[in-house]
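**Student:** Just work07.pdb, nothing more (PDB, C-alpha atoms):
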ATOM      1  CA  MET X  29       0.000   0.000   0.000
ATOM      2  CA  LYS X  30       2.842   2.367   0.869
ATOM      3  CA  THR X  31       4.465   1.571  -2.463
ATOM      4  CA  ILE X  32       1.259   2.437  -4.358
ATOM      5  CA  LYS X  33       0.950   5.782  -2.505
ATOM      6  CA  LEU X  34       4.584   6.632  -3.321
ATOM      7  CA  ILE X  35       4.049   5.877  -7.032
ATOM      8  CA  ILE X  36       0.919   8.076  -7.102
ATOM      9  CA  CYS X  37       2.840  10.974  -5.499
ATOM     10  CA  LEU X  38       5.655  10.644  -8.010
ATOM     11  CA  LEU X  39       3.239  10.576 -10.950
ATOM     12  CA  THR X  40       1.486  13.685  -9.605
ATOM     13  CA  VAL X  41       4.785  15.598  -9.367
ATOM     14  CA  ILE X  42       5.832  14.499 -12.866
ATOM     15  CA  SER X  43       2.478  15.590 -14.287
ATOM     16  CA  PHE X  44       2.894  19.094 -12.859
ATOM     17  CA  VAL X  45       6.451  19.375 -14.190
ATOM     18  CA  SER X  46       5.493  18.097 -17.642
ATOM     19  CA  CYS X  47       2.698  20.673 -17.899
ATOM     20  CA  GLU X  48       5.052  23.636 -17.573
ATOM     21  CA  ASP X  49       5.332  25.678 -20.755
ATOM     22  CA  VAL X  50       8.249  27.927 -21.593
ATOM     23  CA  ILE X  51       6.903  31.371 -22.377
ATOM     24  CA  GLN X  52       8.985  33.442 -24.763
ATOM     25  CA  VAL X  53       8.516  37.129 -24.072
ATOM     26  CA  LYS X  54       8.545  39.117 -27.291
ATOM     27  CA  LEU X  55       9.106  42.849 -27.106
ATOM     28  CA  ASP X  56       8.520  45.290 -29.919
ATOM     29  CA  GLN X  57      11.829  46.300 -31.449
ATOM     30  CA  GLY X  58      11.838  50.051 -31.933
ATOM     31  CA  GLU X  59      14.353  52.074 -33.884
ATOM     32  CA  PRO X  60      17.786  52.169 -32.218
ATOM     33  CA  MET X  61      18.551  55.382 -30.352
ATOM     34  CA  VAL X  62      21.827  57.258 -30.323
ATOM     35  CA  THR X  63      23.676  56.968 -26.995
ATOM     36  CA  VAL X  64      26.091  59.706 -25.941
ATOM     37  CA  ASP X  65      28.584  59.253 -23.079
ATOM     38  CA  ALA X  66      30.279  62.659 -22.824
ATOM     39  CA  PHE X  67      31.788  63.123 -19.369
ATOM     40  CA  VAL X  68      34.775  65.376 -20.027
ATOM     41  CA  ASN X  69      37.123  66.914 -17.455
ATOM     42  CA  ASP X  70      40.058  69.284 -16.938
ATOM     43  CA  MET X  71      42.697  66.596 -16.339
ATOM     44  CA  ARG X  72      45.805  66.722 -18.523
ATOM     45  CA  SER X  73      45.050  63.434 -20.226
ATOM     46  CA  GLN X  74      43.188  62.096 -23.247
ATOM     47  CA  GLN X  75      39.513  63.071 -23.252
ATOM     48  CA  LYS X  76      36.938  60.653 -24.692
ATOM     49  CA  ILE X  77      33.335  60.805 -25.871
ATOM     50  CA  ARG X  78      31.604  57.546 -26.788
ATOM     51  CA  LEU X  79      28.781  57.206 -29.336
ATOM     52  CA  THR X  80      26.787  53.995 -29.798
ATOM     53  CA  TYR X  81      23.348  52.745 -30.770
ATOM     54  CA  THR X  82      21.004  51.198 -28.223
ATOM     55  CA  ASP X  83      20.182  47.492 -28.592
ATOM     56  CA  GLY X  84      17.268  45.222 -27.693
ATOM     57  CA  TYR X  85      16.259  44.853 -24.046
ATOM     58  CA  PHE X  86      17.441  41.239 -23.772
ATOM     59  CA  SER X  87      20.487  41.631 -25.996
ATOM     60  CA  GLN X  88      23.788  40.436 -24.554
ATOM     61  CA  LYS X  89      25.891  42.047 -27.289
ATOM     62  CA  PRO X  90      27.899  45.249 -26.829
ATOM     63  CA  ASN X  91      26.167  48.296 -28.270
ATOM     64  CA  GLU X  92      26.987  48.933 -31.926
ATOM     65  CA  PRO X  93      29.501  51.798 -32.224
ATOM     66  CA  ILE X  94      28.694  54.932 -34.214
ATOM     67  CA  THR X  95      31.465  55.939 -36.595
ATOM     68  CA  GLY X  96      31.877  58.756 -39.081
ATOM     69  CA  ALA X  97      30.404  61.464 -36.850
ATOM     70  CA  SER X  98      31.721  64.979 -36.337
ATOM     71  CA  VAL X  99      32.234  65.718 -32.627
ATOM     72  CA  HIS X 100      33.209  69.147 -31.278
ATOM     73  CA  ILE X 101      33.220  70.892 -27.914
ATOM     74  CA  LYS X 102      33.298  74.679 -27.993
ATOM     75  CA  ASP X 103      34.359  76.798 -25.048
ATOM     76  CA  LEU X 104      31.689  79.488 -25.291
ATOM     77  CA  THR X 105      33.569  81.697 -22.820
ATOM     78  CA  SER X 106      36.923  81.773 -24.645
ATOM     79  CA  GLY X 107      35.725  80.903 -28.165
ATOM     80  CA  LEU X 108      38.128  77.943 -28.489
ATOM     81  CA  ASP X 109      36.846  74.922 -30.427
ATOM     82  CA  TYR X 110      38.054  71.365 -29.809
ATOM     83  CA  ALA X 111      37.600  68.710 -32.521
ATOM     84  CA  PHE X 112      37.541  65.077 -31.375
ATOM     85  CA  THR X 113      39.065  62.357 -33.572
ATOM     86  CA  ASP X 114      37.050  59.309 -34.660
ATOM     87  CA  ASN X 115      38.775  56.127 -33.486
ATOM     88  CA  THR X 116      36.337  54.068 -35.650
ATOM     89  CA  ASN X 117      35.218  52.040 -32.594
ATOM     90  CA  GLY X 118      32.657  54.438 -31.141
ATOM     91  CA  ASP X 119      35.284  56.423 -29.244
ATOM     92  CA  TYR X 120      36.016  60.026 -30.191
ATOM     93  CA  VAL X 121      39.177  61.287 -28.524
ATOM     94  CA  LEU X 122      41.055  64.507 -27.915
ATOM     95  CA  ASP X 123      44.768  64.217 -27.154
ATOM     96  CA  LEU X 124      46.200  67.042 -25.089
ATOM     97  CA  ALA X 125      49.725  67.982 -24.153
ATOM     98  CA  THR X 126      50.669  67.032 -20.590
ATOM     99  CA  THR X 127      50.890  70.751 -19.803
ATOM    100  CA  ASP X 128      47.492  71.626 -21.279
ATOM    101  CA  THR X 129      43.833  71.265 -20.395
ATOM    102  CA  MET X 130      40.623  72.133 -22.216
ATOM    103  CA  GLY X 131      38.667  72.724 -19.019
ATOM    104  CA  ARG X 132      38.396  76.035 -17.181
ATOM    105  CA  VAL X 133      36.310  76.514 -14.043
ATOM    106  CA  GLY X 134      33.449  78.942 -14.642
ATOM    107  CA  HIS X 135      33.488  78.496 -18.437
ATOM    108  CA  GLU X 136      30.439  77.444 -20.455
ATOM    109  CA  TYR X 137      30.763  74.640 -23.019
ATOM    110  CA  GLU X 138      28.678  73.375 -25.928
ATOM    111  CA  LEU X 139      28.859  69.861 -27.372
ATOM    112  CA  THR X 140      27.923  69.442 -31.051
ATOM    113  CA  ILE X 141      27.586  66.040 -32.734
ATOM    114  CA  VAL X 142      26.697  65.700 -36.427
ATOM    115  CA  HIS X 143      25.931  62.252 -37.799
ATOM    116  CA  GLN X 144      24.207  61.334 -41.065
ATOM    117  CA  GLY X 145      22.670  64.785 -41.389
ATOM    118  CA  THR X 146      21.357  64.913 -37.804
ATOM    119  CA  THR X 147      22.760  67.422 -35.317
ATOM    120  CA  PHE X 148      22.759  66.898 -31.547
ATOM    121  CA  LYS X 149      23.693  69.589 -29.021
ATOM    122  CA  ALA X 150      24.152  69.901 -25.270
ATOM    123  CA  SER X 151      25.645  72.447 -22.902
ATOM    124  CA  SER X 152      27.457  72.318 -19.568
ATOM    125  CA  ARG X 153      29.245  74.672 -17.182
ATOM    126  CA  MET X 154      32.426  73.612 -15.408
ATOM    127  CA  ASN X 155      32.019  74.187 -11.675
ATOM    128  CA  ARG X 156      34.730  74.227  -9.049
ATOM    129  CA  THR X 157      35.822  71.082  -7.248
ATOM    130  CA  THR X 158      37.909  70.434  -4.155
ATOM    131  CA  LYS X 159      41.045  68.423  -3.447
ATOM    132  CA  VAL X 160      41.580  65.066  -1.782
ATOM    133  CA  ASP X 161      43.645  65.968   1.273
ATOM    134  CA  SER X 162      44.679  62.433   2.169
ATOM    135  CA  LEU X 163      43.864  58.736   1.762
ATOM    136  CA  ILE X 164      43.614  56.396   4.733
ATOM    137  CA  ALA X 165      44.118  52.623   4.399
ATOM    138  CA  GLU X 166      42.897  50.423   7.263
ATOM    139  CA  TYR X 167      43.483  46.675   7.411
ATOM    140  CA  LYS X 168      40.438  44.505   8.191
ATOM    141  CA  GLU X 169      40.708  40.911   9.404
ATOM    142  CA  GLY X 170      37.464  39.814   7.759
ATOM    143  CA  GLY X 171      35.018  37.219   9.047
ATOM    144  CA  GLY X 172      33.355  37.750  12.414
ATOM    145  CA  LEU X 173      29.770  38.867  12.898
ATOM    146  CA  GLY X 174      29.945  41.379  10.073
ATOM    147  CA  GLY X 175      31.575  38.943   7.667
ATOM    148  CA  GLY X 176      33.457  40.491   4.784
ATOM    149  CA  LYS X 177      36.754  39.866   3.059
ATOM    150  CA  GLU X 178      40.185  40.208   4.581
ATOM    151  CA  GLY X 179      42.093  43.176   3.198
ATOM    152  CA  TYR X 180      42.493  46.952   3.213
ATOM    153  CA  LYS X 181      39.655  49.469   3.253
ATOM    154  CA  PHE X 182      40.385  52.957   1.926
ATOM    155  CA  SER X 183      38.667  56.182   2.903
ATOM    156  CA  PHE X 184      39.582  59.788   2.165
ATOM    157  CA  LEU X 185      39.729  63.138   3.892
ATOM    158  CA  GLY X 186      38.529  66.228   2.077
ATOM    159  CA  PHE X 187      36.639  69.442   2.727
ATOM    160  CA  ASP X 188      33.824  71.099   0.834
ATOM    161  CA  PRO X 189      34.797  74.740   0.197
ATOM    162  CA  PRO X 190      32.369  77.231   1.745
ATOM    163  CA  GLY X 191      30.317  79.414  -0.558
ATOM    164  CA  ASP X 192      26.950  80.851  -1.456
ATOM    165  CA  THR X 193      26.019  78.004  -3.816
ATOM    166  CA  VAL X 194      25.674  74.256  -3.316
ATOM    167  CA  ASP X 195      28.627  72.245  -4.648
ATOM    168  CA  TYR X 196      27.760  68.877  -6.187
ATOM    169  CA  TYR X 197      30.349  66.105  -6.586
ATOM    170  CA  TRP X 198      30.767  62.682  -8.159
ATOM    171  CA  ILE X 199      33.483  60.845  -6.238
ATOM    172  CA  LYS X 200      35.105  58.130  -8.348
ATOM    173  CA  SER X 201      37.468  55.469  -7.024
ATOM    174  CA  TYR X 202      39.764  52.993  -8.745
ATOM    175  CA  ARG X 203      41.661  49.856  -7.750
ATOM    176  CA  ASN X 204      44.868  49.436  -9.766
ATOM    177  CA  GLY X 205      43.414  51.654 -12.483
ATOM    178  CA  VAL X 206      40.068  49.814 -12.699
ATOM    179  CA  PHE X 207      37.060  52.051 -12.040
ATOM    180  CA  PHE X 208      34.384  50.877  -9.603
ATOM    181  CA  ASN X 209      31.545  51.514 -12.038
ATOM    182  CA  LYS X 210      28.535  49.478 -10.878
ATOM    183  CA  GLY X 211      25.278  51.320 -10.282
ATOM    184  CA  GLY X 212      25.409  50.719  -6.539
ATOM    185  CA  GLU X 213      28.945  52.141  -6.444
ATOM    186  CA  ILE X 214      27.969  55.616  -7.697
ATOM    187  CA  ASN X 215      29.158  57.966  -4.939
ATOM    188  CA  ILE X 216      27.567  61.427  -5.274
ATOM    189  CA  CYS X 217      26.940  64.175  -2.756
ATOM    190  CA  ALA X 218      25.866  67.777  -2.224
ATOM    191  CA  ASN X 219      28.480  69.818  -0.365
ATOM    192  CA  GLY X 220      30.088  67.376   2.085
ATOM    193  CA  ALA X 221      26.977  65.273   2.666
ATOM    194  CA  TYR X 222      23.630  64.368   1.118
ATOM    195  CA  GLY X 223      22.097  67.819   1.454
ATOM    196  CA  GLN X 224      22.810  71.505   1.722
ATOM    197  CA  GLY X 225      23.597  71.636   5.444
ATOM    198  CA  ALA X 226      27.271  70.615   5.220
ATOM    199  CA  ASP X 227      28.730  73.667   3.459
ATOM    200  CA  GLY X 228      32.410  74.065   4.312
ATOM    201  CA  PHE X 229      32.556  70.828   6.341
ATOM    202  CA  PRO X 230      34.576  67.620   5.825
ATOM    203  CA  PHE X 231      32.949  64.926   3.703
ATOM    204  CA  ILE X 232      30.874  62.747   6.022
ATOM    205  CA  THR X 233      31.960  59.199   6.878
ATOM    206  CA  PRO X 234      29.564  57.257   4.571
ATOM    207  CA  ILE X 235      30.822  59.249   1.566
ATOM    208  CA  ALA X 236      34.478  59.092   2.596
ATOM    209  CA  GLN X 237      34.344  55.322   3.152
ATOM    210  CA  ALA X 238      32.360  54.586  -0.034
ATOM    211  CA  VAL X 239      35.557  54.836  -2.111
ATOM    212  CA  THR X 240      35.918  51.190  -1.059
ATOM    213  CA  PRO X 241      32.555  49.822  -2.241
ATOM    214  CA  PHE X 242      30.605  47.362  -0.113
ATOM    215  CA  GLY X 243      32.049  43.861  -0.414
ATOM    216  CA  GLU X 244      35.334  45.060  -1.952
ATOM    217  CA  VAL X 245      38.836  45.223  -0.449
ATOM    218  CA  PHE X 246      42.334  46.205  -1.538
ATOM    219  CA  ASN X 247      45.185  43.744  -1.239
ATOM    220  CA  LYS X 248      48.615  44.753  -0.029
ATOM    221  CA  TYR X 249      50.383  47.070  -2.517
ATOM    222  CA  ASP X 250      47.182  47.695  -4.481
ATOM    223  CA  VAL X 251      46.873  51.290  -5.651
ATOM    224  CA  CYS X 252      43.751  53.261  -4.743
ATOM    225  CA  ARG X 253      42.924  56.401  -6.717
ATOM    226  CA  VAL X 254      40.192  58.802  -5.618
ATOM    227  CA  GLU X 255      38.870  61.584  -7.873
ATOM    228  CA  ILE X 256      36.406  64.305  -6.868
ATOM    229  CA  HIS X 257      34.562  65.470 -10.009
ATOM    230  CA  SER X 258      32.529  68.655  -9.896
ATOM    231  CA  ILE X 259      29.020  68.291 -11.339
ATOM    232  CA  ASP X 260      25.873  70.423 -11.359
ATOM    233  CA  LEU X 261      22.404  69.758  -9.951
ATOM    234  CA  LEU X 262      21.080  68.341 -13.246
ATOM    235  CA  THR X 263      23.971  65.860 -13.463
ATOM    236  CA  TYR X 264      23.478  64.977  -9.801
ATOM    237  CA  ASN X 265      19.819  64.172 -10.529
ATOM    238  CA  PHE X 266      20.802  62.198 -13.651
ATOM    239  CA  LEU X 267      23.274  60.036 -11.706
ATOM    240  CA  THR X 268      20.712  59.534  -8.949
ATOM    241  CA  GLN X 269      18.280  58.183 -11.545
ATOM    242  CA  VAL X 270      20.974  55.957 -13.080
ATOM    243  CA  GLN X 271      21.747  54.576  -9.631
ATOM    244  CA  THR X 272      18.054  53.925  -8.957
ATOM    245  CA  GLN X 273      17.445  52.186 -12.296
ATOM    246  CA  THR X 274      20.558  49.998 -12.184
ATOM    247  CA  THR X 275      19.856  48.802  -8.630
ATOM    248  CA  ASN X 276      16.086  48.482  -9.082
ATOM    249  CA  SER X 277      15.281  44.958  -7.932
ATOM    250  CA  GLY X 278      13.662  42.992  -5.134
ATOM    251  CA  LEU X 279      10.217  42.976  -3.598
ATOM    252  CA  PHE X 280       9.694  46.731  -3.750
ATOM    253  CA  ALA X 281      11.180  47.352  -7.189
ATOM    254  CA  THR X 282       9.475  50.007  -9.289
ATOM    255  CA  SER X 283       8.715  49.950 -13.008
ATOM    256  CA  PRO X 284      11.797  50.842 -15.072
ATOM    257  CA  GLU X 285      11.773  54.147 -16.920
ATOM    258  CA  ASN X 286      13.942  55.955 -19.434
ATOM    259  CA  VAL X 287      16.770  57.878 -17.826
ATOM    260  CA  LYS X 288      16.668  61.601 -18.606
ATOM    261  CA  THR X 289      19.097  63.220 -21.048
ATOM    262  CA  ASN X 290      20.443  66.708 -21.668
ATOM    263  CA  ILE X 291      21.329  65.900 -25.306
ATOM    264  CA  LYS X 292      18.931  67.456 -27.827
ATOM    265  CA  ASN X 293      18.261  66.665 -31.473
ATOM    266  CA  VAL X 294      18.165  70.164 -32.971
ATOM    267  CA  THR X 295      17.576  69.006 -36.545
ATOM    268  CA  GLY X 296      13.964  68.149 -35.860
ATOM    269  CA  ASP X 297      13.919  64.667 -37.406
ATOM    270  CA  LYS X 298      12.874  61.478 -35.651
ATOM    271  CA  VAL X 299      16.284  60.219 -34.502
ATOM    272  CA  ARG X 300      16.081  59.826 -30.716
ATOM    273  CA  VAL X 301      19.034  60.281 -28.383
ATOM    274  CA  VAL X 302      19.901  59.384 -24.793
ATOM    275  CA  GLY X 303      22.965  60.053 -22.662
ATOM    276  CA  TRP X 304      24.618  62.965 -20.914
ATOM    277  CA  PHE X 305      27.183  65.752 -21.374
ATOM    278  CA  CYS X 306      29.086  67.110 -18.374
ATOM    279  CA  MET X 307      32.251  69.161 -17.917
ATOM    280  CA  SER X 308      34.018  68.500 -14.608
ATOM    281  CA  ALA X 309      36.941  69.908 -12.700
ATOM    282  CA  VAL X 310      38.794  67.152 -10.842
ATOM    283  CA  GLY X 311      40.810  66.879  -7.645
ATOM    284  CA  PHE X 312      42.572  63.548  -7.064
ATOM    285  CA  LYS X 313      45.095  61.564  -5.033
ATOM    286  CA  GLU X 314      46.565  58.049  -5.117
ATOM    287  CA  GLY X 315      47.663  55.811  -2.268
ATOM    288  CA  VAL X 316      49.120  52.319  -1.812
ATOM    289  CA  ALA X 317      47.687  49.711   0.550
ATOM    290  CA  GLN X 318      50.406  48.863   3.078
TER     291      GLN X 318
END
Would it be possible to restate this file's structure as C-alpha cells?

**Tutor:**
Amino acid sequence: MKTIKLIICLLTVISFVSCEDVIQVKLDQGEPMVTVDAFVNDMRSQQKIRLTYTDGYFSQKPNEPITGASVHIKDLTSGLDYAFTDNTNGDYVLDLATTDTMGRVGHEYELTIVHQGTTFKASSRMNRTTKVDSLIAEYKEGGGLGGGKEGYKFSFLGFDPPGDTVDYYWIKSYRNGVFFNKGGEINICANGAYGQGADGFPFITPIAQAVTPFGEVFNKYDVCRVEIHSIDLLTYNFLTQVQTQTTNSGLFATSPENVKTNIKNVTGDKVRVVGWFCMSAVGFKEGVAQ
C-alpha cells in the first residue's frame, strides 16, 4: 500500500512538471537610439566621448559603435573649439599635451555632434571642485559577525569649500586603475553630505568610506585612486536616476523608466538620443595599501 501511494505521489509531481510551458517574451523592437557618453574633465590626459546605438532589451551584445560622426566641444567663454578624432570604434578622442587642459572653471561649453545629417547639441558649465587631502588605508581581518573579506579598506579626507552656492560632486574610485563603475557604487553628494547643510565641512563618513565599495577590499600594494569630479544639480539628478534604475530589484522594485538626457536633437527629425554631457573639474590623489 505504501508503495502504491509513493508511485501516485511521483506521478502527480511528474504531471505538474510536464505541464510547464516555456513562455517566450517578445518585445517590440523600436528604432535604435543614439547613446552619448560625454563626461569630459580638466585633467591633462586624453579626453573621450563615446557614441553607440542602443540594442534590444534582452540583448547580450555590446552596443553597436557609431562611426563617421563629427564631434566638437566649444568653449563658449573663450571661443576655443576642440575637434575630437574618430577612433572608428565608437570612441572620439582629444589628445592634449601634458601641460594643457581644455577645461576652465566657470566656463560654459557646448557639445555638437553631427551624424548622417542629424545634429545633436548639449551644454554644460564647469564648476569648481575640491582636493583630496589624504587617503587612509585600514586593514580589516574579515570574518566575524559582520563577515566580509580580509584586506584593506580605503577612505579619504577632504573638505567642501564654503560658498553661497551648493557644490555637487561625483566621487570616483579605482583599484589598480580599474574604475568601480557598478550602479550601486555611484558615490555622489551635495556639499560634504547628502544635502545643503554641510557647506564648508569635511565629507561625512559614509561618503568618505564609499571609495571602497561594499564587499570590496584592496590587497597589499594595491593602488587606490580617488577623484572628486565637480558636477551640477542636473547631473546629480541624472546620476541619482541611473543609480536607482541599475539597482532596481527585489520585492519593492518600481517599473523601469527611461533615464533623462540633456542631449537634444536640434535638426527636428525622428532620430532619438539618450545620454549625458558634463564638464568636470577634478581633484585627485593616489595611495598604496600597506

**Student:** Quick one: pull the distance between atom CA of X:Asp65 and atom CA of X:Thr275, Å, one decimal.

**Tutor:**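 For atom CA of X:Asp65 relative to atom CA of X:Thr275, the distance reads 19.9 Å.
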
**Student:** Under the rule that all atoms listed in the file are counted, which of X:Thr147, X:Gln74, X:Thr233, X:Ser201 is the nearest residue to X:Val99?

**Tutor:**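 With all atoms listed in the file as the atom set, the closest residue is X:Thr147.
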
**Student:** Which of these residues is nearest to X:Ala218, using all atoms listed in the file: X:Asp260, X:Glu314, X:Glu178, X:Asp109?

**Tutor:** X:Asp260

**Student:** From the set X:Tyr222, X:Trp198, X:Tyr167, X:Phe187, which residue has the shortest atom-to-atom contact distance to X:Met307, counting all atoms listed in the file?

**Tutor:**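 Nearest to X:Met307: X:Trp198.
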
**Student:** Can you list, as a compact mmCIF listing (two decimals) with C-alpha atoms, keeping the file's coordinate frame, the residues that the PyMOL selection byres ((chain X and resi 94) around 6) selects here?

**Tutor:**
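Okay, part-v3.txt is ready:
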# COMPACT_ATOMS: atom_id res chain seq x y z
CA LEU X 79 28.78 57.21 -29.34
CA THR X 80 26.79 54.00 -29.80
CA PRO X 93 29.50 51.80 -32.22
CA THR X 95 31.46 55.94 -36.60
CA GLY X 118 32.66 54.44 -31.14

**Student:** Pull out every residue that the PyMOL selection byres ((chain X and resi 132) around 8) matches in the shown coordinates and put them as number ranges by chain.

**Tutor:** X: 70, 129-131, 133-135, 154, 309

**Student:** Which one is closest to X:Gly225: X:Gly211, X:Gly205, X:Gly145, X:Pro190? Count all atoms listed in the file.

**Tutor:** X:Pro190

**Student:** For each of X:Ala125, X:Ala150, X:Val316, X:Val194, take the minimum atom-to-atom distance to X:Ala66, counting only C-alpha atoms, then give the residue where this is smallest.

**Tutor:**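 Nearest to X:Ala66: X:Ala150.
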
**Student:** Let me make sure I understand: among X:Arg203, X:Lys149, X:Lys313, X:Lys292, which one has the smallest atom-to-atom distance to X:Val254 if we use only C-alpha atoms?

**Tutor:** X:Lys313

**Student:** By how many Å are atom CA of X:Ser98 and atom CA of X:Pro60 apart?

**Tutor:** 19.4 Å

**Student:** Determine the residue membership of the PyMOL selection byres ((chain X and resi 318) around 9) for the file above and supply it as a VMD selection string.

**Tutor:** chain X and resid 165 to 167 180 247 to 250 316 to 317

**Student:** For atom CA of X:Phe312 and atom CA of X:His257, quote the distance in Å rounded to one decimal.

**Tutor:**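 Going from atom CA of X:Phe312 over to atom CA of X:His257, I get 8.7 Å.
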
**Student:** Counting all atoms listed in the file, what is within 10 Å of X:Gly228, bar same-chain residues fewer than 5 positions away, as number ranges by chain?

**Tutor:** X: 187-191, 195, 219-220
